[in-house]
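Below you'll find the structure, written out as structure tokens, and then a few comments.
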Amino acid sequence: MKDVTELPWDSRQMLIAGHWRDASETLPLEDPSTGRVVGEIARGSAADIDAAVDAARAARQGVWGKATALERGRVLLRASALVLEQVEALARMEALDVGKPLSQARNDAIALARYLEFYGGAADKLHGQTIPYQEGYTVYTLRQPHGVTGHIVPWNYPMQIIGRSVGAALATGNACVLKPAEEACLTALAFARIMQQAGLPDGALNVVPGLGEEAGAALSGHPGINHVSFTGSGPVGGLVQQAAGRHAVPVTLELGGKSPQIVFEDADLAAALPFLVGAGIQNAGQTCSASSRILVHHAMVDRVSEAMAARYAALKTGPAMSDLDVGPLISARQKHIVGGYLEQAGTLEVLARAEIVAEAPDTGHYIAPTLLRGTDPDHVLAREEIFGPVQLILPFADEDEAVAIANGTGFGLVASVWSENGARQMRLAQQIEAGQVFVNNYGAGGGVELPFGGVGKSGHGREKGFEALYGFTALKTVAVKHG
Ligand code: NAD
């Protein structure tokens, strides 16, 4: 696919109450690999969000609200099968829209199918408890949907994030209003079409693309929604929480990170190496769980530096459709932000700068993956989320210092420990402040089943796994006094 004119549907439309509608205004759709505008998307307004919330409320009162858990699960399972049939088309759409290399986009489409499969299968397995209480009582809990859930999604992994949040929300019987990112919403629209084909009743999923400060703000502050799932940056997460808080609406915040991998002197370096680099450069480092800090025991730091630099030397950066190791950044703005951080590198040593291939258009948003080494854990590049293909190696002297550096940024999303020492693995898993800690791996290959989320500046609430089903339901306690 060269541009969106090849799509079999109109990228400018939004889905409200089961109907594809034009928005009164549009936004340009850019291909990050070329910097070229290749189409338009809807610029949904506050009025469109009102209509979408109304449609979702009506769906809750109608067929969708009355569907059994089994019926809801079957819709998701049918959608999962349809996604698998369309992996290539979805991957090409995402590669065009986000700029991610085709095989990484393909993995996202497969992950979307897997989320739908997992939540489709789980829908009828979620249940409450009975609670032993006083004589003459029967007490039990019900897990009920919040009602209408709002989903505000970023541009970096649209398919995966939609799968994990909308998938879980629908499985538990909520009706959803999805506001995808203005930088990348094509696969959100394709997903909505797939859900329709799978038999999702009208209004159970509404999709309103648009600007964050318009459609996003209207959704997060809407009095008609009952829960907001927000994935994005910390500052915007704060705004969303504030807006939802005005109506006491609960919010899940999946924010950013500065995730460390900690390499001890007894680590299996050959096993670690692909993860040390891969977790930093995947999706050009535009990953919430990107491992941007590599903390290395001082006895290993030269070896790790050399080995990572050698890997960087082999990396190729270029257009998404060329399917190289790294694609462009999402936008000129993101390139400017990452470039700004690199200008502040100061005394940090540049160990490697990877190649941008000659065929990468000058107008694309490319930045050479950069490996840095320093000693100061308080350096701005060691503390702030860069959201680009930049990794920093920092040495530590002992376990206590490793933990202090790991916990020293205020973020707490993901971390990993590379060591053969079992007692140390256990200690660090307890001491590191993060939503996920991996031992001798990083990311567990995506792990749809594994609860995910942050502590501190990385947010709160959990998505993925069964935990998300709890998050998208409200627990009701029923106490029956029968004597
Ligand atoms: P962003 O916060 O700018 O945008 C995210 C979404 O919020 C977009 O849909 C945007 O339109 C919307 N938005 C913007 N302003 C809004 C407002 N005032 N009210 C309501 N919605 C608004 O983030 P981004 O630049 O798109 O994404 C990058 C950030 O997302 C990074 O910090 C990254 O770490 C984080 N992220 C986190 C996870 C996770 O699971 N923890 C996953 C992916 C990305």
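Convention: chains lettered A, B, ... in structure tokens order; per-chain residue numbering from 1; ligands numbered from 1 as shown.
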
Requested in this report: Skip A:Val326 itself and residues of its chain fewer than 5 positions away, then list as a list in words all residues within 9 Å of it, counting only C-alpha atoms.
Outcome: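 Non-adjacent residues within range: Lys100, Pro101, Ile281, Gln282, Asn283, Ala284, Gly285, Leu315, Lys316, Thr317, Gly318, Pro319, Ala320, Ile356, Ala368, Pro369 and Pro389 of chain A.
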
Query - Close residues to ligand 1 using only C-alpha atoms and all ligand atoms, limit 8 Å, as a ChimeraX atom specification - result: /A:152-157,161,179-183,210-220,230-237,239-240,253-257,286-289,385,387,413,452-454,458-459

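Interatomic distance, atom CA of A:Asp22 against atom CA of A:Ala42: 7.1 Å.
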
Report task. Pick out each residue of stretch 2-246 of chain A that DSSP on the backbone tags as alpha helix (DSSP H); I need them as a ChimeraX atom specification. Result -> /A:46-61,63-66,69-85,87-98,102-122,158-171,186-197,217-220,234-245

Report task. Considering only C-alpha atoms, state which residue in the set A:Asp378, A:Asp323, A:Glu71, A:Glu88 is at the smallest distance from A:Thr172. Result ->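 So, comparing all the options, the nearest one is A:Glu71.
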
Query - Residue with smallest distance to A:Thr477 - pool A:Val139, A:Met426, A:Ala95, A:Ala243, counting only C-alpha atoms - result: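 Between A:Val139, A:Met426, A:Ala95, A:Ala243, the residue approaching A:Thr477 most closely is A:Val139.
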
Requested in this report: Using backbone DSSP assignments, extract all strand (DSSP E) residues from stretch 210-361 of chain A; output them as a VMD selection string.
Outcome: chain A and resid 227 to 231 251 to 254 260 to 263 293 to 297 316 to 317 349 to 353 355 to 356

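Using only C-alpha atoms for every distance, the candidate list A:Val350, A:Ala56, A:Ala382, A:Thr187 yields A:Thr187 as the residue closest to A:Arg106.
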
**Report entry** 7 Å contact set for A:Tyr312, only C-alpha atoms, chain neighbours under 5 positions out, as a PyMOL selection string
**Finding:** chain A and resi 352-354

I'd like the neighbourhood of A:Leu372 as an mmCIF file with N, CA and C atoms, in the first residue's frame, where a residue qualifies if any of its atoms comes within 9 Å (using only C-alpha atoms), though same-chain residues fewer than 4 positions away should be ignored.
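The new file selection-v5.cif reads:
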data_model
loop_
_atom_site.group_PDB
_atom_site.id
_atom_site.type_symbol
_atom_site.label_atom_id
_atom_site.label_comp_id
_atom_site.auth_asym_id
_atom_site.auth_seq_id
_atom_site.Cartn_x
_atom_site.Cartn_y
_atom_site.Cartn_z
ATOM 1 N N SER A 305 29.629 -2.757 26.964
ATOM 2 C CA SER A 305 29.702 -1.596 26.052
ATOM 3 C C SER A 305 30.161 -2.041 24.671
ATOM 4 N N ALA A 345 23.630 15.720 25.599
ATOM 5 C CA ALA A 345 24.455 14.578 26.028
ATOM 6 C C ALA A 345 25.718 15.059 26.748
ATOM 7 N N LEU A 348 28.624 12.762 28.091
ATOM 8 C CA LEU A 348 28.376 11.328 27.870
ATOM 9 C C LEU A 348 29.170 10.870 26.650
ATOM 10 N N GLU A 349 29.715 9.662 26.752
ATOM 11 C CA GLU A 349 30.508 9.129 25.639
ATOM 12 C C GLU A 349 29.570 8.492 24.614
ATOM 13 N N VAL A 350 29.750 8.827 23.346
ATOM 14 C CA VAL A 350 28.950 8.184 22.294
ATOM 15 C C VAL A 350 29.680 6.899 21.890
ATOM 16 N N LEU A 351 29.092 5.751 22.238
ATOM 17 C CA LEU A 351 29.737 4.470 21.922
ATOM 18 C C LEU A 351 29.436 4.038 20.500
ATOM 19 N N ALA A 352 28.242 4.375 20.029
ATOM 20 C CA ALA A 352 27.871 3.950 18.670
ATOM 21 C C ALA A 352 26.707 4.778 18.175
ATOM 22 N N ARG A 353 26.699 4.995 16.866
ATOM 23 C CA ARG A 353 25.566 5.641 16.207
ATOM 24 C C ARG A 353 25.256 4.771 14.992
ATOM 25 N N VAL A 390 17.542 5.721 21.874
ATOM 26 C CA VAL A 390 18.725 6.182 22.603
ATOM 27 C C VAL A 390 18.827 5.361 23.883
ATOM 28 N N GLN A 391 19.985 4.735 24.084
ATOM 29 C CA GLN A 391 20.199 3.967 25.312
ATOM 30 C C GLN A 391 21.460 4.470 26.010
ATOM 31 N N LEU A 392 21.430 4.385 27.327
ATOM 32 C CA LEU A 392 22.559 4.872 28.126
ATOM 33 C C LEU A 392 23.043 3.759 29.045
ATOM 34 N N ILE A 393 24.341 3.485 28.977
ATOM 35 C CA ILE A 393 24.961 2.497 29.875
ATOM 36 C C ILE A 393 25.514 3.237 31.096
ATOM 37 N N LEU A 394 25.156 2.728 32.279
ATOM 38 C CA LEU A 394 25.650 3.328 33.528
ATOM 39 C C LEU A 394 26.240 2.225 34.400
#

Stretch 451-478 of chain A residues near stretch 121-131 of chain A within 12 Å, closest pair each, using only C-alpha atoms, as CSV:
residue,atom,partner,partner_atom,distance
A:Lys464,CA,A:Ala122,CA,11.9
A:Gly465,CA,A:Ala122,CA,9.6
A:Phe466,CA,A:Ala122,CA,7.7
A:Glu467,CA,A:Leu126,CA,10.5
A:Ala468,CA,A:Ala122,CA,10.8
A:Leu469,CA,A:Leu126,CA,7.6
A:Tyr470,CA,A:Leu126,CA,8.5
A:Gly471,CA,A:Leu126,CA,11.9
A:Phe472,CA,A:Leu126,CA,11.4
A:Thr473,CA,A:Leu126,CA,10.0
A:Ala474,CA,A:Gly128,CA,10.8
A:Leu475,CA,A:Gly128,CA,8.1
A:Lys476,CA,A:Gly128,CA,8.8
A:Thr477,CA,A:Gly128,CA,9.1
A:Val478,CA,A:Thr130,CA,9.4

**Report entry** Å distance separating atom CA of A:Ala111 from atom CA of A:Gln160, one decimal place
**Finding:** 6.1 Å

Query raised in the report: If you count only C-alpha atoms, which residues fall within 12 Å of A:Arg303, apart from same-chain ones fewer than 3 positions away, as a PyMOL selection string?
Result: chain A and resi 263-265+267-270+273+296-300+306-310+393+395

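Residues surrounding A:Gln436 within 12 Å are A:Gly257, A:Ser259, A:Pro260, A:Gln261, A:Ser289, A:Gly412, A:Leu413, A:Val414, A:Ala415, A:Ser416, A:Val417, A:Leu428, A:Ala429, A:Gln430, A:Tyr442, A:Gly443, A:Ala444, A:Gly446, A:Gly447, A:Leu450, A:Pro451, A:Phe452, A:Gly453, A:Gly454, A:Val455, A:Ser458, A:Arg462, A:Glu463, A:Lys464 [only C-alpha atoms; sequence separation below 6 positions excluded].
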
Contact residues around stretch 6-11 of chain A with only C-alpha atoms at 12 Å, ignoring same-chain residues under 3 positions, as an mmCIF file with C-alpha atoms, in the first residue's frame:
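What follows is the written file around_3.cif:
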data_model
loop_
_atom_site.group_PDB
_atom_site.id
_atom_site.type_symbol
_atom_site.label_atom_id
_atom_site.label_comp_id
_atom_site.auth_asym_id
_atom_site.auth_seq_id
_atom_site.Cartn_x
_atom_site.Cartn_y
_atom_site.Cartn_z
ATOM 1 C CA MET A 1 0.000 0.000 0.000
ATOM 2 C CA LYS A 2 1.483 3.334 -1.009
ATOM 3 C CA ASP A 3 -1.032 5.589 0.640
ATOM 4 C CA MET A 14 -15.811 7.929 12.463
ATOM 5 C CA LEU A 15 -17.996 5.174 13.836
ATOM 6 C CA TRP A 20 -19.792 5.568 9.598
ATOM 7 C CA ARG A 21 -20.081 9.330 9.569
ATOM 8 C CA ASP A 22 -18.092 12.203 8.160
ATOM 9 C CA ALA A 23 -16.624 14.668 10.607
ATOM 10 C CA THR A 26 -10.391 16.661 8.976
ATOM 11 C CA LEU A 27 -6.734 16.373 9.961
ATOM 12 C CA PRO A 28 -3.833 15.414 7.681
ATOM 13 C CA LEU A 29 -2.507 11.877 7.825
ATOM 14 C CA VAL A 38 -1.088 10.600 2.317
ATOM 15 C CA GLY A 39 -4.650 11.153 3.410
ATOM 16 C CA GLU A 40 -6.990 12.646 5.945
ATOM 17 C CA ILE A 41 -8.633 11.522 9.151
ATOM 18 C CA ALA A 42 -11.623 12.833 11.070
ATOM 19 C CA ARG A 43 -11.162 15.708 13.483
ATOM 20 C CA ALA A 89 -3.312 -5.677 5.553
ATOM 21 C CA LEU A 90 -3.315 -4.456 9.152
ATOM 22 C CA ARG A 92 0.869 -2.547 6.156
ATOM 23 C CA MET A 93 -1.622 -0.009 7.442
ATOM 24 C CA LEU A 96 2.396 3.301 6.827
ATOM 25 C CA ASP A 97 0.735 5.181 9.669
ATOM 26 C CA ALA A 184 -2.102 7.130 13.906
ATOM 27 C CA CYS A 185 -5.678 5.941 13.848
ATOM 28 C CA LEU A 186 -6.015 3.733 10.743
ATOM 29 C CA THR A 187 -5.863 0.414 12.553
ATOM 30 C CA ALA A 188 -8.357 1.672 15.147
ATOM 31 C CA LEU A 189 -10.788 2.265 12.279
ATOM 32 C CA ALA A 190 -9.975 -1.125 10.742
ATOM 33 C CA ALA A 192 -13.928 -1.176 14.416
ATOM 34 C CA ARG A 193 -14.875 -2.596 11.009
ATOM 35 C CA VAL A 207 -14.512 5.387 17.414
ATOM 36 C CA VAL A 208 -13.919 9.131 17.258
ATOM 37 C CA PRO A 209 -10.480 10.162 15.982
#

Query raised in the report: Closest to A:Pro274 among A:Ser24, A:Gln431, A:Asn440, A:Ser80, using only C-alpha atoms?
Result: A:Asn440
